[in-house]
Amino acid sequence: VKAEVLAVGTEILLGEIVDSNSAFIAARLPALGIRLYRMTQLGDNRDRLVAHLRAALADNDLVVTTGGLGPTEDDVTREAVAEAFGEVPFVDPELEAALRAWFGRRNMPMPERNVKQAWRIASAQTVPNPRGTAPGWWVEKDGRIVVCLPGPPAEMGPMWEHEVAPRLAALATEVIITRTLKTVGIGEGRVDEMLGELLKNVNPTIGVYARGDGIHIRLGARAATAGQAQDLIVPVETQIRQLMGNALWGTDAETLQDAVMTCLQGRTLAVVEDSTSGGHLAALLSGTGHAAWRGGEVWSDGPVSIEAARARSAAARVRWGAHVGIGIAASRDGVFHVAIGDESGTECHTWTFPQGMAALRQRVSTTALSLLRRRYS
Ligand code: ATP
Ligand code: MG
């Protein structure tokens, strides 16, 4: 099954809202065995929608749209889908009754404009929307399917989970399973080089992505069943594990902070950061809920130097009676020092990362976690 996702809404093109609906749907297609080759965003313009829908239906088995199902003049998804299929919308009496009942229960008169939300075309079945007035459409014609869902994520999400996904799962002839292997401490180019010929692998495909917590290697396998897809992944994963060795710290949803807490093997941990790094590392570590975490503190306006980081590492150990203390000193222009100390000594490192405060905080935390992992695993 080949699919395209289409987000409808001029607000999206103007950058006023971020298209999270498309990402939500895209993330759920692989498990349904659906291949997504394109995502598109269009404004509330009927002619452009019709032209685009026709082209999308020529290339794909399935098109999923979100947005434009409201009652207003500029909500034109229904009109566009009807025209693309060469059908004429009519008011479905059952839908109209349900719609009037929805307003009735809220003691509100129904604006006549809303009748549009009771429209249907002959090839469309409706997708119930318990959280709003606009039902979705499931249109099936000439071997093609178009699913139309409303724009508000709180309506779209449950409709997808409860109505659309189960129906799509029944159509699936294959599944796509992904596995993410996470590395830290080596750069993107180096990971690519180490993988070498493996990158040309077809099933599973292999992709390399730079993320906040290191370089991720993603394997995606396609097969008739989940078991068969797993079988394709296992030998390639084994090869990659051998190539990456100790740089590989986790898989899939595992977090670097969880991996680090586990490798501490009973040692306790505390942190003193400065206001530039802003308690970011402490928040990550306390979020693990791990017993090894003792506490963190943010100091303001101290010096930015190796000595300052070293002093903070020692202070963290004393303040919380922890085995391991991390001290951080960072400046707004991107220079940072990380010190890790325990009873056997303290190591200090210095880096520069001039990409703004938010990115700096993330980088400082990842660096500290990576150093901890190297020291204790
Ligand atoms: P309504 O009945 O609320 O008008 P609708 O189906 O017509 O629903 P739109 O008018 O296109 O949907 O969008 C309504 C709201 O839903 C937007 O203001 C926005 O908050 C949210 N929304 C729409 N599309 C998206 C999207 N692709 N990603 C995230 N949010 C979206
Ligand atoms: Mg609308």
# chains A, B, ... in the order shown; residues from 1 in each chain; ligands from 1

$ residues_near_ligand --ligand "ligand 2" --cutoff "6 Å" --atoms "only C-alpha atoms and all ligand atoms" --output "PyMOL selection string"
chain A and resi 68-70+75

$ residues_around --residues "stretch 372-374 of chain A" --least-positions-apart "6" --cutoff "8 Å" --atoms "only C-alpha atoms" --output "number ranges by chain"
A: 259-260, 263-264, 340

$ write_last_selection --atoms "C-alpha atoms" --output "short mmCIF file (atom, residue, chain, number, x, y, z; two decimals), in the first residue's frame"
data_model
loop_
_atom_site.label_atom_id
_atom_site.label_comp_id
_atom_site.auth_asym_id
_atom_site.auth_seq_id
_atom_site.Cartn_x
_atom_site.Cartn_y
_atom_site.Cartn_z
CA ALA A 259 21.76 3.99 30.19
CA VAL A 260 24.18 6.04 32.31
CA CYS A 263 26.20 1.72 34.24
CA LEU A 264 26.96 3.50 37.54
CA ILE A 340 33.63 14.35 36.84
#

$ closest_residue --among "A:Thr268, A:Gln355, A:Gln242, A:Thr350" --to "A:Asp333" --atoms "only C-alpha atoms"
A:Gln355

$ residues_near_ligand --ligand "ligand 1" --cutoff "8 Å" --atoms "only C-alpha atoms and all ligand atoms" --output "JSON, numbers by chain"
{"A": [7, 8, 9, 10, 11, 12, 17, 18, 19, 20, 21, 22, 44, 66, 67, 68, 69, 70, 71, 72, 75, 132, 133, 134, 149, 150, 151, 152, 153]}

$ select_by_dssp --residues "stretch 76-306 of chain A" --states "alpha helix (DSSP H)" --output "ChimeraX atom specification"
/A:77-84,93-105,153-159,165-171,188-195,226-244,256-263,280-287,306

$ select_by_dssp --residues "stretch 37-231 of chain A" --states "strand (DSSP E)" --output "PyMOL selection string"
chain A and resi 37-42+62-66+90-91+119-120+124-127+136-141+144-149+175-183+205-211+214-223

$ closest_residue --among "A:Ser370, A:Asn203, A:Thr65, A:Gln257" --to "A:Gly185" --atoms "only C-alpha atoms"
A:Ser370

$ residues_around --residues "A:Arg218" --least-positions-apart "6" --cutoff "12 Å" --atoms "only C-alpha atoms" --output "list in words"
Ile177, Thr178, Arg179, Thr180, Leu181, Lys182, Thr183, Leu195, Leu199, Asn203, Pro204, Thr205, Ile206, Gly207, Val208, Tyr209, Ala210, Arg211, Ile233, Val236, Glu237, Ile240, Thr251 and Asp252 of chain A

$ write_last_selection --atoms "N, CA, C and O atoms" --output "compact mmCIF listing (two decimals), in the first residue's frame"
# COMPACT_ATOMS: atom_id res chain seq x y z
N ILE A 177 9.13 -2.87 10.15
CA ILE A 177 9.61 -2.81 11.53
C ILE A 177 10.87 -1.98 11.54
O ILE A 177 11.73 -2.15 10.68
N THR A 178 10.97 -1.06 12.49
CA THR A 178 12.21 -0.28 12.57
C THR A 178 12.93 -0.57 13.88
O THR A 178 12.33 -0.94 14.87
N ARG A 179 14.24 -0.40 13.83
CA ARG A 179 15.06 -0.59 15.02
C ARG A 179 16.09 0.52 15.00
O ARG A 179 16.75 0.74 13.98
N THR A 180 16.20 1.25 16.10
CA THR A 180 17.16 2.35 16.16
C THR A 180 18.28 1.98 17.12
O THR A 180 18.03 1.60 18.26
N LEU A 181 19.52 2.06 16.62
CA LEU A 181 20.70 1.80 17.44
C LEU A 181 21.36 3.15 17.71
O LEU A 181 21.62 3.91 16.79
N LYS A 182 21.61 3.46 18.98
CA LYS A 182 22.06 4.79 19.35
C LYS A 182 23.53 4.79 19.78
O LYS A 182 23.92 3.99 20.63
N THR A 183 24.29 5.72 19.21
CA THR A 183 25.71 5.80 19.56
C THR A 183 26.00 7.18 20.14
O THR A 183 25.25 8.13 19.92
N LEU A 195 30.11 2.19 8.79
CA LEU A 195 29.06 1.32 8.25
C LEU A 195 29.40 0.88 6.83
O LEU A 195 29.05 -0.23 6.41
N LEU A 199 25.54 0.45 4.24
CA LEU A 199 24.58 1.52 3.94
C LEU A 199 23.83 1.28 2.64
O LEU A 199 22.79 1.87 2.40
N ASN A 203 17.12 -4.29 2.36
CA ASN A 203 16.09 -4.70 3.32
C ASN A 203 16.76 -5.50 4.44
O ASN A 203 17.09 -6.65 4.21
N PRO A 204 16.98 -4.91 5.59
CA PRO A 204 16.57 -3.58 6.01
C PRO A 204 17.37 -2.46 5.34
O PRO A 204 18.55 -2.65 5.04
N THR A 205 16.73 -1.30 5.18
CA THR A 205 17.47 -0.11 4.80
C THR A 205 18.13 0.45 6.05
O THR A 205 17.66 0.22 7.18
N ILE A 206 19.23 1.18 5.85
CA ILE A 206 19.95 1.73 7.00
C ILE A 206 20.12 3.23 6.82
O ILE A 206 20.55 3.69 5.76
N GLY A 207 19.74 4.00 7.83
CA GLY A 207 19.88 5.45 7.78
C GLY A 207 20.67 5.95 8.98
O GLY A 207 20.60 5.35 10.05
N VAL A 208 21.42 7.03 8.79
CA VAL A 208 22.23 7.60 9.86
C VAL A 208 21.72 9.02 10.15
O VAL A 208 21.60 9.83 9.23
N TYR A 209 21.41 9.30 11.42
CA TYR A 209 20.82 10.59 11.78
C TYR A 209 21.52 11.18 12.99
O TYR A 209 21.74 10.48 13.98
N ALA A 210 21.85 12.47 12.91
CA ALA A 210 22.45 13.17 14.06
C ALA A 210 21.32 13.67 14.95
O ALA A 210 20.43 14.37 14.49
N ARG A 211 21.37 13.30 16.21
CA ARG A 211 20.34 13.73 17.17
C ARG A 211 21.01 14.37 18.38
O ARG A 211 22.23 14.30 18.52
N ILE A 233 16.25 -8.09 10.39
CA ILE A 233 17.00 -7.08 11.15
C ILE A 233 18.14 -7.70 11.96
O ILE A 233 19.24 -7.16 12.02
N VAL A 236 21.83 -8.03 10.59
CA VAL A 236 22.41 -6.72 10.27
C VAL A 236 22.70 -5.95 11.57
O VAL A 236 23.75 -5.32 11.72
N GLU A 237 21.78 -6.07 12.53
CA GLU A 237 22.02 -5.43 13.82
C GLU A 237 23.29 -5.99 14.48
O GLU A 237 24.10 -5.24 15.02
N ILE A 240 26.29 -4.47 12.91
CA ILE A 240 26.49 -3.07 13.30
C ILE A 240 27.00 -2.98 14.73
O ILE A 240 27.88 -2.19 15.04
N THR A 251 19.04 1.30 22.42
CA THR A 251 18.19 1.08 21.25
C THR A 251 16.85 1.77 21.44
O THR A 251 16.42 2.08 22.56
N ASP A 252 16.18 2.00 20.32
CA ASP A 252 14.79 2.48 20.27
C ASP A 252 14.49 3.60 21.27
O ASP A 252 15.08 4.65 21.20

$ residues_around --residues "stretch 320-330 of chain A" --least-positions-apart "3" --cutoff "8 Å" --atoms "only C-alpha atoms" --output "mmCIF file with all heavy atoms, in the first residue's frame"
data_model
loop_
_atom_site.group_PDB
_atom_site.id
_atom_site.type_symbol
_atom_site.label_atom_id
_atom_site.label_comp_id
_atom_site.auth_asym_id
_atom_site.auth_seq_id
_atom_site.Cartn_x
_atom_site.Cartn_y
_atom_site.Cartn_z
ATOM 1 N N ARG A 267 26.884 3.324 42.331
ATOM 2 C CA ARG A 267 27.414 4.622 42.777
ATOM 3 C C ARG A 267 26.310 5.663 42.722
ATOM 4 O O ARG A 267 25.478 5.628 41.827
ATOM 5 C CB ARG A 267 28.552 5.075 41.857
ATOM 6 C CG ARG A 267 29.778 4.181 41.875
ATOM 7 C CD ARG A 267 30.800 4.750 40.896
ATOM 8 N NE ARG A 267 31.928 3.853 40.742
ATOM 9 C CZ ARG A 267 31.980 2.882 39.832
ATOM 10 N NH1 ARG A 267 30.958 2.667 39.007
ATOM 11 N NH2 ARG A 267 33.046 2.118 39.756
ATOM 12 N N THR A 268 26.351 6.603 43.643
ATOM 13 C CA THR A 268 25.355 7.682 43.618
ATOM 14 C C THR A 268 25.939 8.909 42.918
ATOM 15 O O THR A 268 27.156 9.056 42.805
ATOM 16 C CB THR A 268 24.909 8.041 45.036
ATOM 17 O OG1 THR A 268 26.083 8.358 45.801
ATOM 18 C CG2 THR A 268 24.176 6.867 45.680
ATOM 19 N N LEU A 269 25.036 9.810 42.483
ATOM 20 C CA LEU A 269 25.439 10.871 41.571
ATOM 21 C C LEU A 269 24.777 12.193 41.952
ATOM 22 O O LEU A 269 23.602 12.229 42.304
ATOM 23 C CB LEU A 269 24.996 10.452 40.160
ATOM 24 C CG LEU A 269 25.285 11.344 38.971
ATOM 25 C CD1 LEU A 269 26.797 11.457 38.771
ATOM 26 C CD2 LEU A 269 24.648 10.753 37.719
ATOM 27 N N ALA A 270 25.550 13.292 41.861
ATOM 28 C CA ALA A 270 24.985 14.629 42.092
ATOM 29 C C ALA A 270 25.648 15.628 41.146
ATOM 30 O O ALA A 270 26.733 15.360 40.614
ATOM 31 C CB ALA A 270 25.192 15.047 43.539
ATOM 32 N N VAL A 271 25.012 16.766 40.943
ATOM 33 C CA VAL A 271 25.463 17.722 39.930
ATOM 34 C C VAL A 271 25.427 19.151 40.467
ATOM 35 O O VAL A 271 24.486 19.529 41.165
ATOM 36 C CB VAL A 271 24.522 17.662 38.700
ATOM 37 C CG1 VAL A 271 24.940 18.682 37.650
ATOM 38 C CG2 VAL A 271 24.489 16.272 38.092
ATOM 39 N N VAL A 272 26.442 19.928 40.137
ATOM 40 C CA VAL A 272 26.327 21.387 40.283
ATOM 41 C C VAL A 272 26.560 22.012 38.911
ATOM 42 O O VAL A 272 27.621 21.839 38.315
ATOM 43 C CB VAL A 272 27.318 21.958 41.322
ATOM 44 C CG1 VAL A 272 27.290 23.495 41.281
ATOM 45 C CG2 VAL A 272 26.965 21.476 42.726
ATOM 46 N N GLU A 273 25.547 22.693 38.395
ATOM 47 C CA GLU A 273 25.635 23.354 37.101
ATOM 48 C C GLU A 273 25.658 24.857 37.329
ATOM 49 O O GLU A 273 25.367 25.325 38.424
ATOM 50 C CB GLU A 273 24.415 23.003 36.242
ATOM 51 C CG GLU A 273 24.343 21.529 35.878
ATOM 52 C CD GLU A 273 22.980 21.134 35.320
ATOM 53 O OE1 GLU A 273 22.717 21.409 34.149
ATOM 54 O OE2 GLU A 273 22.188 20.554 36.078
ATOM 55 N N ASP A 274 25.951 25.610 36.272
ATOM 56 C CA ASP A 274 25.827 27.055 36.417
ATOM 57 C C ASP A 274 24.581 27.528 35.685
ATOM 58 O O ASP A 274 23.897 26.744 35.030
ATOM 59 C CB ASP A 274 27.074 27.779 35.926
ATOM 60 C CG ASP A 274 27.364 27.482 34.478
ATOM 61 O OD1 ASP A 274 26.431 27.084 33.747
ATOM 62 O OD2 ASP A 274 28.523 27.628 34.086
ATOM 63 N N THR A 276 24.115 29.161 33.122
ATOM 64 C CA THR A 276 24.098 29.037 31.659
ATOM 65 C C THR A 276 23.609 27.651 31.242
ATOM 66 O O THR A 276 22.776 27.515 30.349
ATOM 67 C CB THR A 276 25.509 29.298 31.084
ATOM 68 O OG1 THR A 276 25.918 30.586 31.498
ATOM 69 C CG2 THR A 276 25.496 29.228 29.575
ATOM 70 N N SER A 277 24.117 26.616 31.901
ATOM 71 C CA SER A 277 23.643 25.274 31.555
ATOM 72 C C SER A 277 22.283 25.008 32.215
ATOM 73 O O SER A 277 21.537 24.134 31.778
ATOM 74 C CB SER A 277 24.675 24.210 31.906
ATOM 75 O OG SER A 277 25.112 24.353 33.223
ATOM 76 N N ARG A 294 21.074 11.734 43.426
ATOM 77 C CA ARG A 294 21.037 12.379 44.733
ATOM 78 C C ARG A 294 20.490 13.804 44.669
ATOM 79 O O ARG A 294 19.687 14.204 45.497
ATOM 80 C CB ARG A 294 22.439 12.393 45.364
ATOM 81 C CG ARG A 294 22.832 11.055 45.970
ATOM 82 C CD ARG A 294 21.923 10.733 47.177
ATOM 83 N NE ARG A 294 22.210 9.424 47.713
ATOM 84 C CZ ARG A 294 21.636 8.296 47.308
ATOM 85 N NH1 ARG A 294 20.730 8.339 46.353
ATOM 86 N NH2 ARG A 294 21.950 7.139 47.837
ATOM 87 N N GLY A 295 20.945 14.596 43.700
ATOM 88 C CA GLY A 295 20.414 15.952 43.627
ATOM 89 C C GLY A 295 21.246 16.852 42.740
ATOM 90 O O GLY A 295 22.357 16.491 42.339
ATOM 91 N N GLY A 302 29.267 32.368 38.511
ATOM 92 C CA GLY A 302 30.615 31.946 38.898
ATOM 93 C C GLY A 302 31.566 32.092 37.727
ATOM 94 O O GLY A 302 31.150 32.409 36.622
ATOM 95 N N PRO A 303 32.856 31.863 37.964
ATOM 96 C CA PRO A 303 33.815 31.903 36.854
ATOM 97 C C PRO A 303 33.601 30.721 35.904
ATOM 98 O O PRO A 303 33.067 29.700 36.306
ATOM 99 C CB PRO A 303 35.168 31.784 37.559
ATOM 100 C CG PRO A 303 34.873 31.155 38.881
ATOM 101 C CD PRO A 303 33.472 31.551 39.250
ATOM 102 N N VAL A 304 33.982 30.913 34.630
ATOM 103 C CA VAL A 304 33.880 29.826 33.655
ATOM 104 C C VAL A 304 35.286 29.312 33.393
ATOM 105 O O VAL A 304 36.041 29.877 32.606
ATOM 106 C CB VAL A 304 33.224 30.327 32.346
ATOM 107 C CG1 VAL A 304 33.150 29.191 31.330
ATOM 108 C CG2 VAL A 304 31.836 30.881 32.630
ATOM 109 N N SER A 305 35.663 28.260 34.110
ATOM 110 C CA SER A 305 37.022 27.743 33.986
ATOM 111 C C SER A 305 37.052 26.281 34.394
ATOM 112 O O SER A 305 36.102 25.785 35.016
ATOM 113 C CB SER A 305 37.964 28.525 34.922
ATOM 114 O OG SER A 305 37.547 28.307 36.272
ATOM 115 N N ILE A 306 38.139 25.620 34.060
ATOM 116 C CA ILE A 306 38.312 24.218 34.468
ATOM 117 C C ILE A 306 38.298 24.119 35.992
ATOM 118 O O ILE A 306 37.667 23.228 36.562
ATOM 119 C CB ILE A 306 39.641 23.665 33.899
ATOM 120 C CG1 ILE A 306 39.492 23.459 32.398
ATOM 121 C CG2 ILE A 306 40.033 22.373 34.606
ATOM 122 C CD1 ILE A 306 40.730 22.924 31.721
ATOM 123 N N ALA A 308 36.793 26.033 38.090
ATOM 124 C CA ALA A 308 35.428 26.205 38.601
ATOM 125 C C ALA A 308 34.639 24.902 38.445
ATOM 126 O O ALA A 308 33.909 24.490 39.357
ATOM 127 C CB ALA A 308 34.726 27.343 37.849
ATOM 128 N N ALA A 309 34.791 24.241 37.311
ATOM 129 C CA ALA A 309 34.071 22.984 37.093
ATOM 130 C C ALA A 309 34.531 21.941 38.114
ATOM 131 O O ALA A 309 33.719 21.224 38.713
ATOM 132 C CB ALA A 309 34.310 22.486 35.664
ATOM 133 N N ARG A 310 35.838 21.895 38.344
ATOM 134 C CA ARG A 310 36.406 20.943 39.306
ATOM 135 C C ARG A 310 35.855 21.214 40.714
ATOM 136 O O ARG A 310 35.449 20.283 41.422
ATOM 137 C CB ARG A 310 37.936 21.081 39.286
ATOM 138 C CG ARG A 310 38.675 20.102 40.166
ATOM 139 C CD ARG A 310 40.167 20.440 40.202
ATOM 140 N NE ARG A 310 40.831 20.165 38.934
ATOM 141 C CZ ARG A 310 41.311 18.963 38.585
ATOM 142 N NH1 ARG A 310 41.200 17.934 39.402
ATOM 143 N NH2 ARG A 310 41.915 18.786 37.436
ATOM 144 N N ALA A 311 35.802 22.483 41.090
ATOM 145 C CA ALA A 311 35.298 22.848 42.420
ATOM 146 C C ALA A 311 33.823 22.461 42.566
ATOM 147 O O ALA A 311 33.383 22.009 43.626
ATOM 148 C CB ALA A 311 35.487 24.349 42.644
ATOM 149 N N ARG A 312 33.073 22.627 41.487
ATOM 150 C CA ARG A 312 31.645 22.289 41.546
ATOM 151 C C ARG A 312 31.436 20.780 41.655
ATOM 152 O O ARG A 312 30.524 20.317 42.342
ATOM 153 C CB ARG A 312 30.930 22.839 40.311
ATOM 154 C CG ARG A 312 30.783 24.335 40.396
ATOM 155 C CD ARG A 312 30.380 24.978 39.100
ATOM 156 N NE ARG A 312 30.550 26.426 39.250
ATOM 157 C CZ ARG A 312 30.268 27.313 38.317
ATOM 158 N NH1 ARG A 312 29.795 26.903 37.158
ATOM 159 N NH2 ARG A 312 30.448 28.588 38.538
ATOM 160 N N SER A 313 32.285 20.036 40.963
ATOM 161 C CA SER A 313 32.209 18.570 41.060
ATOM 162 C C SER A 313 32.408 18.141 42.514
ATOM 163 O O SER A 313 31.656 17.321 43.056
ATOM 164 C CB SER A 313 33.269 17.955 40.143
ATOM 165 O OG SER A 313 33.603 16.662 40.564
ATOM 166 N N ALA A 314 33.426 18.741 43.161
ATOM 167 C CA ALA A 314 33.706 18.404 44.571
ATOM 168 C C ALA A 314 32.541 18.847 45.458
ATOM 169 O O ALA A 314 32.101 18.109 46.352
ATOM 170 C CB ALA A 314 35.004 19.084 45.010
ATOM 171 N N ALA A 315 32.010 20.047 45.177
ATOM 172 C CA ALA A 315 30.898 20.568 45.984
ATOM 173 C C ALA A 315 29.672 19.676 45.869
ATOM 174 O O ALA A 315 28.957 19.451 46.852
ATOM 175 C CB ALA A 315 30.573 21.996 45.539
ATOM 176 N N ALA A 316 29.433 19.160 44.683
ATOM 177 C CA ALA A 316 28.263 18.295 44.479
ATOM 178 C C ALA A 316 28.375 17.035 45.335
ATOM 179 O O ALA A 316 27.400 16.596 45.957
ATOM 180 C CB ALA A 316 28.139 17.922 42.996
ATOM 181 N N ARG A 317 29.584 16.484 45.401
ATOM 182 C CA ARG A 317 29.785 15.257 46.195
ATOM 183 C C ARG A 317 29.550 15.533 47.673
ATOM 184 O O ARG A 317 28.904 14.754 48.375
ATOM 185 C CB ARG A 317 31.197 14.717 45.983
ATOM 186 C CG ARG A 317 31.409 14.167 44.585
ATOM 187 C CD ARG A 317 32.837 13.697 44.403
ATOM 188 N NE ARG A 317 33.168 12.625 45.334
ATOM 189 C CZ ARG A 317 34.410 12.363 45.737
ATOM 190 N NH1 ARG A 317 35.425 13.091 45.298
ATOM 191 N NH2 ARG A 317 34.627 11.371 46.568
ATOM 192 N N GLY A 334 29.461 29.818 24.445
ATOM 193 C CA GLY A 334 29.540 28.431 24.016
ATOM 194 C C GLY A 334 30.727 27.626 24.515
ATOM 195 O O GLY A 334 30.867 26.456 24.158
ATOM 196 N N VAL A 335 31.598 28.236 25.355
ATOM 197 C CA VAL A 335 32.695 27.445 25.923
ATOM 198 C C VAL A 335 32.160 26.723 27.159
ATOM 199 O O VAL A 335 31.470 27.331 27.971
ATOM 200 C CB VAL A 335 33.872 28.349 26.350
ATOM 201 C CG1 VAL A 335 34.988 27.519 26.980
ATOM 202 C CG2 VAL A 335 34.379 29.135 25.152
ATOM 203 N N PHE A 336 32.455 25.429 27.282
ATOM 204 C CA PHE A 336 32.027 24.776 28.516
ATOM 205 C C PHE A 336 33.041 23.769 29.034
ATOM 206 O O PHE A 336 33.800 23.177 28.276
ATOM 207 C CB PHE A 336 30.639 24.147 28.385
ATOM 208 C CG PHE A 336 30.517 22.989 27.408
ATOM 209 C CD1 PHE A 336 30.594 21.666 27.861
ATOM 210 C CD2 PHE A 336 30.288 23.213 26.064
ATOM 211 C CE1 PHE A 336 30.448 20.605 26.979
ATOM 212 C CE2 PHE A 336 30.139 22.150 25.170
ATOM 213 C CZ PHE A 336 30.223 20.850 25.626
ATOM 214 N N HIS A 337 33.052 23.647 30.355
ATOM 215 C CA HIS A 337 33.956 22.729 31.046
ATOM 216 C C HIS A 337 33.114 21.739 31.839
ATOM 217 O O HIS A 337 32.157 22.128 32.504
ATOM 218 C CB HIS A 337 34.862 23.488 32.013
ATOM 219 C CG HIS A 337 35.523 24.685 31.397
ATOM 220 N ND1 HIS A 337 36.683 24.597 30.668
ATOM 221 C CD2 HIS A 337 35.149 25.991 31.375
ATOM 222 C CE1 HIS A 337 37.021 25.810 30.230
ATOM 223 N NE2 HIS A 337 36.101 26.669 30.643
ATOM 224 N N VAL A 338 33.468 20.475 31.758
ATOM 225 C CA VAL A 338 32.767 19.443 32.517
ATOM 226 C C VAL A 338 33.792 18.713 33.370
ATOM 227 O O VAL A 338 34.833 18.281 32.858
ATOM 228 C CB VAL A 338 32.079 18.423 31.582
ATOM 229 C CG1 VAL A 338 31.371 17.339 32.401
ATOM 230 C CG2 VAL A 338 31.103 19.115 30.644
ATOM 231 N N ALA A 339 33.532 18.595 34.665
ATOM 232 C CA ALA A 339 34.421 17.842 35.554
ATOM 233 C C ALA A 339 33.635 16.692 36.176
ATOM 234 O O ALA A 339 32.495 16.876 36.613
ATOM 235 C CB ALA A 339 34.963 18.762 36.647
ATOM 236 N N ILE A 340 34.243 15.504 36.179
ATOM 237 C CA ILE A 340 33.626 14.351 36.835
ATOM 238 C C ILE A 340 34.602 13.833 37.873
ATOM 239 O O ILE A 340 35.747 13.527 37.546
ATOM 240 C CB ILE A 340 33.333 13.226 35.827
ATOM 241 C CG1 ILE A 340 32.381 13.733 34.747
ATOM 242 C CG2 ILE A 340 32.727 12.005 36.539
ATOM 243 C CD1 ILE A 340 31.993 12.674 33.757
ATOM 244 N N GLY A 341 34.142 13.789 39.128
ATOM 245 C CA GLY A 341 35.058 13.355 40.175
ATOM 246 C C GLY A 341 34.449 12.284 41.064
ATOM 247 O O GLY A 341 33.226 12.251 41.269
ATOM 248 N N ASP A 342 35.327 11.404 41.562
ATOM 249 C CA ASP A 342 34.928 10.455 42.601
ATOM 250 C C ASP A 342 36.139 10.249 43.508
ATOM 251 O O ASP A 342 37.123 10.988 43.387
ATOM 252 C CB ASP A 342 34.420 9.141 41.992
ATOM 253 C CG ASP A 342 35.461 8.466 41.112
ATOM 254 O OD1 ASP A 342 36.685 8.708 41.308
ATOM 255 O OD2 ASP A 342 35.063 7.698 40.217
ATOM 256 N N GLU A 343 36.109 9.272 44.395
ATOM 257 C CA GLU A 343 37.200 9.166 45.371
ATOM 258 C C GLU A 343 38.547 8.861 44.708
ATOM 259 O O GLU A 343 39.586 9.112 45.274
ATOM 260 C CB GLU A 343 36.854 8.156 46.482
ATOM 261 C CG GLU A 343 37.084 6.682 46.176
ATOM 262 C CD GLU A 343 36.026 6.060 45.265
ATOM 263 O OE1 GLU A 343 34.958 6.692 45.084
ATOM 264 O OE2 GLU A 343 36.260 4.964 44.707
ATOM 265 N N ALA A 368 28.318 15.421 29.192
ATOM 266 C CA ALA A 368 28.524 14.925 30.552
ATOM 267 C C ALA A 368 28.074 13.467 30.673
ATOM 268 O O ALA A 368 28.769 12.633 31.272
ATOM 269 C CB ALA A 368 27.756 15.799 31.547
#

$ atom_distance --atom1 "atom CA of A:Ala124" --atom2 "atom CA of A:Gly86"
12.4 Å

$ atom_distance --atom1 "atom CA of A:Pro111" --atom2 "atom CA of A:Ala98"
14.3 Å

$ closest_residue --among "A:His216, A:Arg38, A:His290, A:Lys116" --to "A:Val184" --atoms "only C-alpha atoms"
A:His216

$ atom_distance --atom1 "atom CA of A:Arg363" --atom2 "atom CA of A:Gly212"
7.0 Å

$ closest_residue --among "A:Thr366, A:Ala55, A:Arg332, A:Gly214" --to "A:Thr352" --atoms "only C-alpha atoms"
A:Arg332

$ residues_around --residues "A:Asp258" --least-positions-apart "2" --cutoff "10 Å" --atoms "only C-alpha atoms" --output "ChimeraX atom specification"
/A:250,254-256,260-263,284-285,287-290,369
